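Colleague: Just so it is clear, I am handing over upload.txt, which has compact mmCIF, C-alpha atoms.
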# COMPACT_ATOMS: atom_id res chain seq x y z
CA MET Z 1 -49.33 -3.91 -107.20
CA ALA Z 2 -47.24 -1.55 -105.17
CA ASN Z 3 -49.97 -1.25 -102.58
CA ASN Z 4 -50.05 -5.00 -102.09
CA VAL Z 5 -46.30 -5.08 -101.52
CA ASN Z 6 -46.48 -2.32 -98.93
CA LYS Z 7 -49.28 -4.03 -97.09
CA LYS Z 8 -47.27 -7.24 -96.93
CA LEU Z 9 -44.25 -5.33 -95.53
CA LEU Z 10 -46.41 -3.64 -92.92
CA SER Z 11 -47.95 -6.93 -91.91
CA LYS Z 12 -44.49 -8.48 -91.52
CA LYS Z 13 -43.28 -5.57 -89.39
CA ASP Z 14 -46.35 -5.84 -87.18
CA ILE Z 15 -45.74 -9.52 -86.68
CA ASN Z 16 -42.07 -8.93 -85.76
CA PHE Z 17 -43.04 -6.14 -83.32
CA PHE Z 18 -45.57 -8.30 -81.54
CA ALA Z 19 -43.13 -11.18 -81.37
CA GLU Z 20 -40.42 -8.94 -79.79
CA PHE Z 21 -42.99 -7.43 -77.41
CA THR Z 22 -44.17 -10.88 -76.37
CA ALA Z 23 -40.58 -12.04 -75.78
CA SER Z 24 -39.82 -8.93 -73.65
CA ALA Z 25 -42.99 -9.41 -71.67
CA ALA Z 26 -42.12 -13.03 -71.04
CA LYS Z 27 -38.61 -12.06 -69.93
CA ALA Z 28 -39.98 -9.37 -67.61
CA ALA Z 29 -42.47 -11.86 -66.21
CA ARG Z 30 -39.65 -14.35 -65.49
CA MET Z 31 -37.55 -11.64 -63.78
CA LEU Z 32 -40.54 -10.52 -61.72
CA THR Z 33 -41.13 -14.14 -60.71
CA TRP Z 34 -37.52 -14.54 -59.56
CA ALA Z 35 -37.70 -11.21 -57.66
CA VAL Z 36 -40.88 -12.32 -55.92
CA LEU Z 37 -39.31 -15.67 -55.09
CA ALA Z 38 -36.17 -13.92 -53.71
CA GLY Z 39 -38.32 -11.57 -51.61
CA VAL Z 40 -40.29 -14.51 -50.27
CA ALA Z 41 -37.02 -16.32 -49.42
CA VAL Z 42 -35.63 -13.28 -47.54
CA LEU Z 43 -38.92 -12.85 -45.74
CA ALA Z 44 -38.85 -16.54 -44.83
CA VAL Z 45 -35.30 -16.21 -43.44
CA ILE Z 46 -36.35 -13.17 -41.39
CA VAL Z 47 -39.36 -15.00 -40.07
CA VAL Z 48 -37.15 -17.97 -39.14
CA PHE Z 49 -34.73 -15.68 -37.22
CA ILE Z 50 -37.65 -14.00 -35.49
CA ILE Z 51 -39.03 -17.38 -34.47
CA ILE Z 52 -35.58 -18.49 -33.25
CA GLY Z 53 -35.19 -15.19 -31.30
CA VAL Z 54 -38.61 -15.62 -29.70
CA ILE Z 55 -37.78 -19.19 -28.74
CA ARG Z 56 -34.37 -18.17 -27.31
CA ASN Z 57 -35.94 -15.29 -25.37
CA SER Z 58 -38.53 -17.66 -23.98
CA ILE Z 59 -35.77 -20.08 -22.94
CA ILE Z 60 -33.70 -17.28 -21.34
CA LYS Z 61 -36.74 -15.92 -19.52
CA GLY Z 62 -37.43 -19.41 -18.27
CA GLN Z 63 -33.84 -19.75 -17.05
CA ILE Z 64 -34.02 -16.34 -15.34
CA THR Z 65 -37.27 -17.31 -13.65
CA SER Z 66 -35.72 -20.59 -12.55
CA ILE Z 67 -32.64 -18.82 -11.12
CA GLU Z 68 -34.83 -16.22 -9.39
CA ASN Z 69 -36.91 -18.96 -7.85
CA GLU Z 70 -33.76 -20.77 -6.76
CA LEU Z 71 -32.24 -17.62 -5.25
CA ALA Z 72 -35.48 -16.97 -3.42
CA ASP Z 73 -34.84 -20.16 -1.49
CA GLU Z 74 -34.11 -19.62 2.22
CA LYS Z 75 -30.59 -21.03 1.99
CA TYR Z 76 -29.61 -18.23 -0.43
CA THR Z 77 -31.37 -15.44 1.42
CA LYS Z 78 -29.14 -16.23 4.40
CA LEU Z 79 -25.93 -15.84 2.36
CA GLU Z 80 -25.81 -12.06 2.66
CA GLY Z 81 -26.06 -12.25 6.42
CA GLU Z 82 -23.45 -15.03 6.53
CA ALA Z 83 -21.11 -12.94 4.35
CA ALA Z 84 -21.41 -9.98 6.73
CA GLU Z 85 -20.80 -12.29 9.68
CA LEU Z 86 -17.71 -13.77 8.02
CA ALA Z 87 -16.38 -10.27 7.26
CA THR Z 88 -16.76 -9.38 10.94
CA LYS Z 89 -14.97 -12.57 12.00
CA LEU Z 90 -12.16 -11.86 9.51
CA GLU Z 91 -11.69 -8.37 10.96
CA GLN Z 92 -11.66 -9.73 14.51
CA ARG Z 93 -9.18 -12.46 13.67
CA THR Z 94 -6.96 -10.01 11.77
CA ASN Z 95 -6.91 -7.74 14.82
CA TYR Z 96 -6.15 -10.74 17.03
CA PHE Z 97 -3.33 -11.82 14.72
CA TYR Z 98 -2.00 -8.26 14.78
CA ALA Z 99 -2.00 -8.32 18.60
CA LEU Z 100 -0.12 -11.64 18.61
CA THR Z 101 2.51 -10.36 16.18
CA GLN Z 102 2.91 -7.20 18.26
CA MET Z 103 3.55 -9.36 21.33
CA ARG Z 104 6.05 -11.41 19.32
CA ALA Z 105 7.82 -8.19 18.31
CA THR Z 106 7.98 -7.20 21.98
CA VAL Z 107 9.56 -10.56 22.82
CA ASP Z 108 12.09 -10.13 19.99
CA ARG Z 109 13.05 -6.76 21.45
CA ILE Z 110 13.63 -8.03 25.00
CA PRO Z 111 16.53 -5.98 26.48
CA ALA Z 112 19.82 -7.61 25.66
CA ALA Z 113 22.10 -5.22 27.56
CA PRO Z 114 24.20 -6.86 30.33
CA GLU Z 115 23.11 -6.27 33.92
CA THR Z 116 26.58 -5.04 34.81
CA LEU Z 117 26.41 -2.14 32.32
CA PRO Z 118 25.53 0.56 34.93
CA ASP Z 119 28.57 -0.44 36.98
CA LEU Z 120 30.74 -0.34 33.87
CA ILE Z 121 29.47 3.16 33.03
CA GLY Z 122 30.41 4.32 36.52
CA GLU Z 123 33.91 2.93 36.12
CA CYS Z 124 34.42 4.78 32.82
CA ILE Z 125 33.39 8.28 33.97
CA PRO Z 126 36.42 10.63 33.73
CA ASN Z 127 37.48 12.51 36.86
CA ASP Z 128 36.47 15.89 35.40
CA SER Z 129 32.99 14.72 34.28
CA TYR Z 130 29.76 13.56 35.81
CA ILE Z 131 26.62 11.85 34.52
CA SER Z 132 23.26 13.54 34.97
CA THR Z 133 21.12 10.84 33.30
CA TYR Z 134 21.51 7.56 31.47
CA ASP Z 135 18.87 5.49 29.71
CA ILE Z 136 19.26 1.83 28.73
CA THR Z 137 16.51 0.58 26.41
CA GLY Z 138 17.94 -2.89 25.86
CA THR Z 139 19.34 -2.07 22.44
CA THR Z 140 20.60 1.50 22.94
CA LEU Z 141 22.42 3.54 25.59
CA ASP Z 142 21.82 7.28 26.00
CA ILE Z 143 24.06 9.22 28.42
CA THR Z 144 23.89 12.93 29.26
CA GLY Z 145 26.16 14.86 31.56
CA TYR Z 146 28.71 17.64 32.00
CA SER Z 147 32.46 17.88 31.71
CA PHE Z 148 35.13 20.48 32.38
CA THR Z 149 37.10 19.51 29.25
CA TYR Z 150 35.98 19.04 25.66
CA TYR Z 151 37.64 15.66 25.11
CA SER Z 152 36.57 13.86 28.29
CA PRO Z 153 33.28 12.55 26.76
CA VAL Z 154 35.30 11.11 23.87
CA ASP Z 155 37.65 9.41 26.36
CA MET Z 156 34.62 7.96 28.13
CA VAL Z 157 33.32 6.44 24.88
CA ASP Z 158 36.76 4.98 24.15
CA MET Z 159 36.83 3.31 27.57
CA LEU Z 160 33.35 1.88 27.01
CA ASN Z 161 34.37 0.61 23.57
CA GLU Z 162 37.33 -1.21 25.12
CA SER Z 163 34.71 -3.34 26.89
CA ASP Z 164 32.76 -3.85 23.61
CA VAL Z 165 29.72 -1.97 24.89
CA PHE Z 166 28.78 -0.38 21.56
CA THR Z 167 28.32 -2.34 18.34
CA SER Z 168 28.23 0.58 15.87
CA LYS Z 169 29.53 4.12 15.55
CA THR Z 170 28.56 6.20 18.58
CA LEU Z 171 26.97 9.63 18.30
CA ILE Z 172 28.56 12.26 20.57
CA ASN Z 173 27.20 15.79 20.89
CA ILE Z 174 29.32 18.25 22.93
CA GLU Z 175 28.39 21.90 23.54
CA ARG Z 176 29.95 24.61 25.66
CA VAL Z 177 27.56 25.98 28.33
CA GLU Z 178 27.51 28.61 31.03
CA ALA Z 179 28.50 27.75 34.59
CA ALA Z 180 24.97 28.46 35.80
CA ASP Z 181 23.67 25.67 33.55
CA VAL Z 182 25.96 23.17 35.24
CA GLY Z 183 25.12 24.07 38.85
CA SER Z 184 26.01 26.47 41.62
CA GLU Z 185 29.64 26.77 42.74
CA GLU Z 186 28.66 25.62 46.22
CA GLU Z 187 27.25 22.39 44.76
CA LEU Z 188 30.31 21.77 42.60
CA PHE Z 189 33.19 23.00 44.70
CA GLY Z 190 31.94 23.69 48.22
CA ASP Z 191 34.31 26.05 50.01
CA HIS Z 192 36.99 25.68 47.33
CA ILE Z 193 37.77 28.37 44.77
CA ASN Z 194 36.36 27.78 41.27
CA GLY Z 195 39.32 27.94 38.92
CA ILE Z 196 37.49 26.37 35.94
CA ASN Z 197 36.36 28.62 33.10
CA ASN Z 198 35.10 26.00 30.60
CA TYR Z 199 31.99 23.88 31.04
CA TYR Z 200 30.62 21.41 28.47
CA SER Z 201 27.39 19.47 28.24
CA PHE Z 202 27.48 16.21 26.34
CA GLU Z 203 25.14 13.52 25.07
CA ILE Z 204 26.29 10.07 24.02
CA LYS Z 205 24.07 7.71 22.00
CA GLY Z 206 25.13 4.24 20.97
CA THR Z 207 23.79 0.84 19.98
CA LEU Z 208 24.41 -2.00 22.41
CA VAL Z 209 23.54 -5.06 20.34
CA SER Z 210 24.52 -6.38 16.93
CA GLU Z 211 20.92 -6.75 15.71
CA ILE Z 212 18.16 -4.16 15.58
CA TYR Z 213 14.55 -5.19 15.11
CA VAL Z 214 12.27 -3.24 12.79
CA THR Z 215 8.50 -3.68 13.04
CA VAL Z 216 6.18 -2.70 10.18
CA SER Z 217 2.41 -2.50 10.74
CA ARG Z 218 -0.36 -1.78 8.22
CA LEU Z 219 -3.46 -0.06 9.53
CA ALA Z 220 -6.69 1.04 7.80
CA MET Z 221 -8.03 4.49 8.65
CA GLY Z 222 -11.78 5.08 8.83
CA ASP Z 223 -14.31 5.55 11.58
CA THR Z 224 -11.92 3.39 13.60
CA VAL Z 225 -8.34 2.31 12.96
CA THR Z 226 -8.13 -1.41 12.20
CA SER Z 227 -5.23 -3.66 11.27
CA LEU Z 228 -4.93 -4.91 7.71
CA THR Z 229 -2.47 -7.69 8.55
CA GLY Z 230 -0.13 -8.82 11.27
CA ALA Z 231 2.88 -6.76 12.30
CA GLU Z 232 5.99 -7.81 10.37
CA THR Z 233 9.23 -7.82 12.38
CA PHE Z 234 12.66 -8.34 10.84
CA ALA Z 235 16.21 -8.04 12.16
CA CYS Z 236 18.89 -5.74 10.74
CA ALA Z 237 22.55 -5.40 11.60
CA ALA Z 238 23.14 -2.38 13.81
CA GLY Z 239 23.55 0.68 11.59
CA GLU Z 240 22.39 -1.20 8.47
CA LYS Z 241 20.23 0.57 5.92
CA PHE Z 242 16.90 -1.11 5.18
CA THR Z 243 14.40 -0.34 2.41
CA LEU Z 244 10.68 -0.95 1.91
CA THR Z 245 9.44 -0.95 -1.70
CA GLN Z 246 6.16 -1.11 -3.57
CA GLU Z 247 7.25 -4.20 -5.50
CA ASP Z 248 8.26 -6.27 -2.47
CA ASP Z 249 6.17 -4.78 0.33
CA GLN Z 250 3.14 -3.13 -1.34
CA LEU Z 251 4.23 0.11 0.27
CA VAL Z 252 2.22 2.85 -1.50
CA THR Z 253 -0.78 0.76 -2.55
CA TYR Z 254 -1.94 -2.35 -0.74
CA THR Z 255 -4.44 -5.01 -1.78
CA ALA Z 256 -6.11 -6.83 1.10
CA GLU Z 257 -7.02 -10.51 0.94
CA THR Z 258 -10.63 -9.43 0.41
CA GLY Z 259 -9.58 -7.64 -2.80
CA VAL Z 260 -10.12 -4.14 -1.36
CA GLN Z 261 -7.60 -1.57 -2.63
CA TYR Z 262 -5.87 0.80 -0.18
CA GLN Z 263 -3.72 3.92 -0.66
CA LEU Z 264 -0.95 5.01 1.72
CA SER Z 265 -2.01 8.18 3.58
CA LYS Z 266 0.32 8.51 6.58
CA ILE Z 267 3.52 7.06 8.09
CA THR Z 268 4.74 7.18 11.67
CA ILE Z 269 8.13 6.05 13.00
CA ASN Z 270 8.23 5.38 16.74
CA GLY Z 271 5.00 7.36 17.09
CA ILE Z 272 6.23 10.44 15.20
CA ASP Z 273 4.66 11.45 11.86
CA VAL Z 274 6.93 11.51 8.83
CA ASN Z 275 7.05 15.10 7.54
CA GLU Z 276 5.10 16.01 4.43
CA ASP Z 277 8.10 16.37 2.07
CA THR Z 278 9.51 12.99 3.06
CA PHE Z 279 6.08 11.36 2.77
CA ASN Z 280 5.50 12.81 -0.73
CA ALA Z 281 8.93 11.56 -1.82
CA ILE Z 282 8.11 8.06 -0.55
CA VAL Z 283 4.80 8.03 -2.45
CA THR Z 284 6.44 9.36 -5.63
CA ASN Z 285 9.42 6.97 -5.59
CA GLY Z 286 7.61 3.97 -4.14
CA THR Z 287 10.46 3.33 -1.67
CA MET Z 288 11.20 4.11 1.98
CA SER Z 289 14.71 3.82 3.47
CA ASP Z 290 16.11 4.28 6.97
CA PHE Z 291 19.01 3.14 9.15
CA ALA Z 292 18.71 0.58 11.94
CA ASN Z 293 20.39 2.73 14.58
CA GLY Z 294 17.74 1.87 17.17
CA GLU Z 295 14.44 0.09 17.46
CA LYS Z 296 12.03 1.11 14.68
CA ASP Z 297 8.28 0.81 14.98
CA ILE Z 298 6.95 1.83 11.56
CA LYS Z 299 3.21 2.18 11.11
CA LEU Z 300 1.76 2.54 7.61
CA TYR Z 301 -1.74 4.05 7.55
CA TYR Z 302 -3.99 3.44 4.53
CA THR Z 303 -7.36 4.64 3.28
CA VAL Z 304 -9.73 2.76 0.97
CA VAL Z 305 -9.45 3.62 -2.72
CA GLU Z 306 -12.95 4.64 -3.80
CA ALA Z 307 -14.12 3.22 -7.13
CA ALA Z 308 -14.52 5.87 -9.84
CA PRO Z 309 -18.20 6.49 -10.77
CA ALA Z 310 -19.25 5.11 -14.15
CA GLU Z 311 -19.58 7.74 -16.89
CA SER Z 312 -23.07 8.20 -18.34
CA SER Z 313 -23.33 7.27 -22.03
CA GLU Z 314 -25.65 10.01 -23.27
CA ALA Z 315 -26.01 10.33 -27.01
Please lay out the structure from this file as structure tokens.
Modeller:
Amino acid sequence: MANNVNKKLLSKKDINFFAEFTASAAKAARMLTWAVLAGVAVLAVIVVFIIIGVIRNSIIKGQITSIENELADEKYTKLEGEAAELATKLEQRTNYFYALTQMRATVDRIPAAPETLPDLIGECIPNDSYISTYDITGTTLDITGYSFTYYSPVDMVDMLNESDVFTSKTLINIERVEAADVGSEEELFGDHINGINNYYSFEIKGTLVSEIYVTVSRLAMGDTVTSLTGAETFACAAGEKFTLTQEDDQLVTYTAETGVQYQLSKITINGIDVNEDTFNAIVTNGTMSDFANGEKDIKLYYTVVEAAPAESSEA
């Protein structure tokens, strides 16, 4: 009787075990089915993207081929030559414009001194002085000579100022010199006895007009020196301080109409190079100042800013 009971229990357990095993297997089969379906879906998406990429690449290649064929047309092959020709014409016309503006600056600086000025200078020479040279530029007067007294050159300037000859403060340089520097006694006094012990040389510099013209030119240095733009001429009151800046005048760096970048490399004023310390200060501060005490012809020389080479991206 006991054996029959145990057999029934074992049979029941076996049935339960197989039922649970069957349920687990069915669950695993469903999960495997969903995993396969998900994999197929991902694979399908990848295939779709690949197909889209291939189609897009084909379209792009077709567009590139079309553009290449279009650029191979004769009208485009001539563009490079036309561009070079236009660049040459631009340079020629810029140089021509520069020449015109230089001529305009020359016209602006036409001598404005009165024709009677030499006669007036002669009338104002003190009795104990004489003039060795005088130079009238149209805007300035430079007189050199000798005197037997220290204050005679100052008296001469005062007499000229009474006739409104100078328009700003006059520079007077007076130095005592030896008699031999002035001339021989026979030339100065003839047969008379020389009773003068003091001799002075003097130089007088003054501005004759109320306006001074300043000309600024920009030139590119290379195999040849070419103009970057026309000469700019502006008027200043005599003795006035004028300033060129990077912000207003593109002083230190200059961008041409073609987009080429230039860097300031040299400055000359009336044909004389600005010294190195002054030039470095101008580049550092981005400003250049001077006084309009005479005609100023400022030339700014530039060199092309070379593009920095691209860095290699090695792994």
Colleague: Which is closest to Ser129 (chain Z) among Z:Gly62, Z:Glu295, Z:Tyr199, Z:Met159, if we use only C-alpha atoms?
Modeller: Z:Tyr199
Colleague: Using all atoms listed in the file, find the one residue out of Z:Asn198, Z:Leu251, Z:Thr140, Z:Lys299 that sits nearest to Ala238 (chain Z).
Modeller: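 That would be Z:Thr140, the residue with the smallest distance to Ala238 (chain Z).
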Colleague: Could you jot down the CA of Val305 (chain Z) to CA of Glu80 (chain Z) separation for me, Å, one decimal place?
Modeller: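 Straight-line distance from CA of Val305 (chain Z) to CA of Glu80 (chain Z) works out to 23.3 Å.
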Colleague: What are the closest atom pairs, with distances in Å to one decimal, for each residue of region 42-147 of chain Z lying within 6 Å of region 204-227 of chain Z, using all atoms listed in the file, rows by chain and rising residue number, as a Markdown table?
Modeller:
| residue | atom | partner | partner_atom | distance |
| --- | --- | --- | --- | --- |
| Z:Asn95 | CA | Z:Ser227 | CA | 5.7 |
| Z:Thr139 | CA | Z:Leu208 | CA | 5.1 |
| Z:Thr140 | CA | Z:Thr207 | CA | 4.4 |
| Z:Leu141 | CA | Z:Gly206 | CA | 5.4 |
| Z:Asp142 | CA | Z:Lys205 | CA | 4.6 |
| Z:Ile143 | CA | Z:Ile204 | CA | 5.0 |
Colleague: Here is a test: counting only C-alpha atoms, which residue of Z:Glu276, Z:Glu232, Z:Asp290, Z:Glu123 is nearest to Val157 (chain Z)?
Modeller: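 Of the candidates, the smallest distance to Val157 (chain Z) is held by Z:Glu123.
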Colleague: Please, what distance in Å, to one decimal, runs between CA of Glu247 (chain Z) and CA of Met288 (chain Z)?
Modeller: 11.9 Å
Colleague: To one decimal place in Å, what is the distance between CA of Glu175 (chain Z) and CA of Thr116 (chain Z)?
Modeller: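 The value is 29.3 Å.
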Colleague: Would you pick out the contacts of Gln102 (chain Z) at 8 Å or less, using all atoms listed in the file, so that residues sharing its chain but fewer than 3 positions from it are not included, and give the list as a PyMOL selection string?
Modeller: chain Z and resi 98-99+105-106+230-231
Colleague: Neighbours of region 260-269 of chain Z within 7 Å (only C-alpha atoms; same-chain residues fewer than 3 positions away dropped), as a ChimeraX atom specification?
Modeller: /Z:252-256,272-274,296-305
Colleague: Please, could you write that set of residues out with C-alpha atoms as a tab-separated table (two decimals), in the frame of the given file?
Modeller:
chain	number	residue	atom	x	y	z
Z	252	VAL	CA	2.22	2.85	-1.50
Z	253	THR	CA	-0.78	0.76	-2.55
Z	254	TYR	CA	-1.94	-2.35	-0.74
Z	255	THR	CA	-4.44	-5.01	-1.78
Z	256	ALA	CA	-6.11	-6.83	1.10
Z	272	ILE	CA	6.23	10.44	15.20
Z	273	ASP	CA	4.66	11.45	11.86
Z	274	VAL	CA	6.93	11.51	8.83
Z	296	LYS	CA	12.03	1.11	14.68
Z	297	ASP	CA	8.28	0.81	14.98
Z	298	ILE	CA	6.95	1.83	11.56
Z	299	LYS	CA	3.21	2.18	11.11
Z	300	LEU	CA	1.76	2.54	7.61
Z	301	TYR	CA	-1.74	4.05	7.55
Z	302	TYR	CA	-3.99	3.44	4.53
Z	303	THR	CA	-7.36	4.64	3.28
Z	304	VAL	CA	-9.73	2.76	0.97
Z	305	VAL	CA	-9.45	3.62	-2.72
Colleague: Tell me, as a PDB file with C-alpha atoms, in the frame of the given file, which residues lie within 12 Å of Asn161 (chain Z), counting all atoms listed in the file; anything in the same chain fewer than 5 positions away does not count.
Modeller:
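Writing the result to result-v2.pdb gives the following:
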ATOM      1  CA  LEU Z 120      30.740  -0.340  33.870  1.00  0.00           C
ATOM      2  CA  ILE Z 121      29.470   3.160  33.030  1.00  0.00           C
ATOM      3  CA  CYS Z 124      34.420   4.780  32.820  1.00  0.00           C
ATOM      4  CA  VAL Z 154      35.300  11.110  23.870  1.00  0.00           C
ATOM      5  CA  ASP Z 155      37.650   9.410  26.360  1.00  0.00           C
ATOM      6  CA  MET Z 156      34.620   7.960  28.130  1.00  0.00           C
ATOM      7  CA  PHE Z 166      28.780  -0.380  21.560  1.00  0.00           C
ATOM      8  CA  THR Z 167      28.320  -2.340  18.340  1.00  0.00           C
ATOM      9  CA  SER Z 168      28.230   0.580  15.870  1.00  0.00           C
ATOM     10  CA  LYS Z 169      29.530   4.120  15.550  1.00  0.00           C
ATOM     11  CA  THR Z 170      28.560   6.200  18.580  1.00  0.00           C
ATOM     12  CA  GLY Z 206      25.130   4.240  20.970  1.00  0.00           C
ATOM     13  CA  THR Z 207      23.790   0.840  19.980  1.00  0.00           C
ATOM     14  CA  LEU Z 208      24.410  -2.000  22.410  1.00  0.00           C
TER      15      LEU Z 208
END
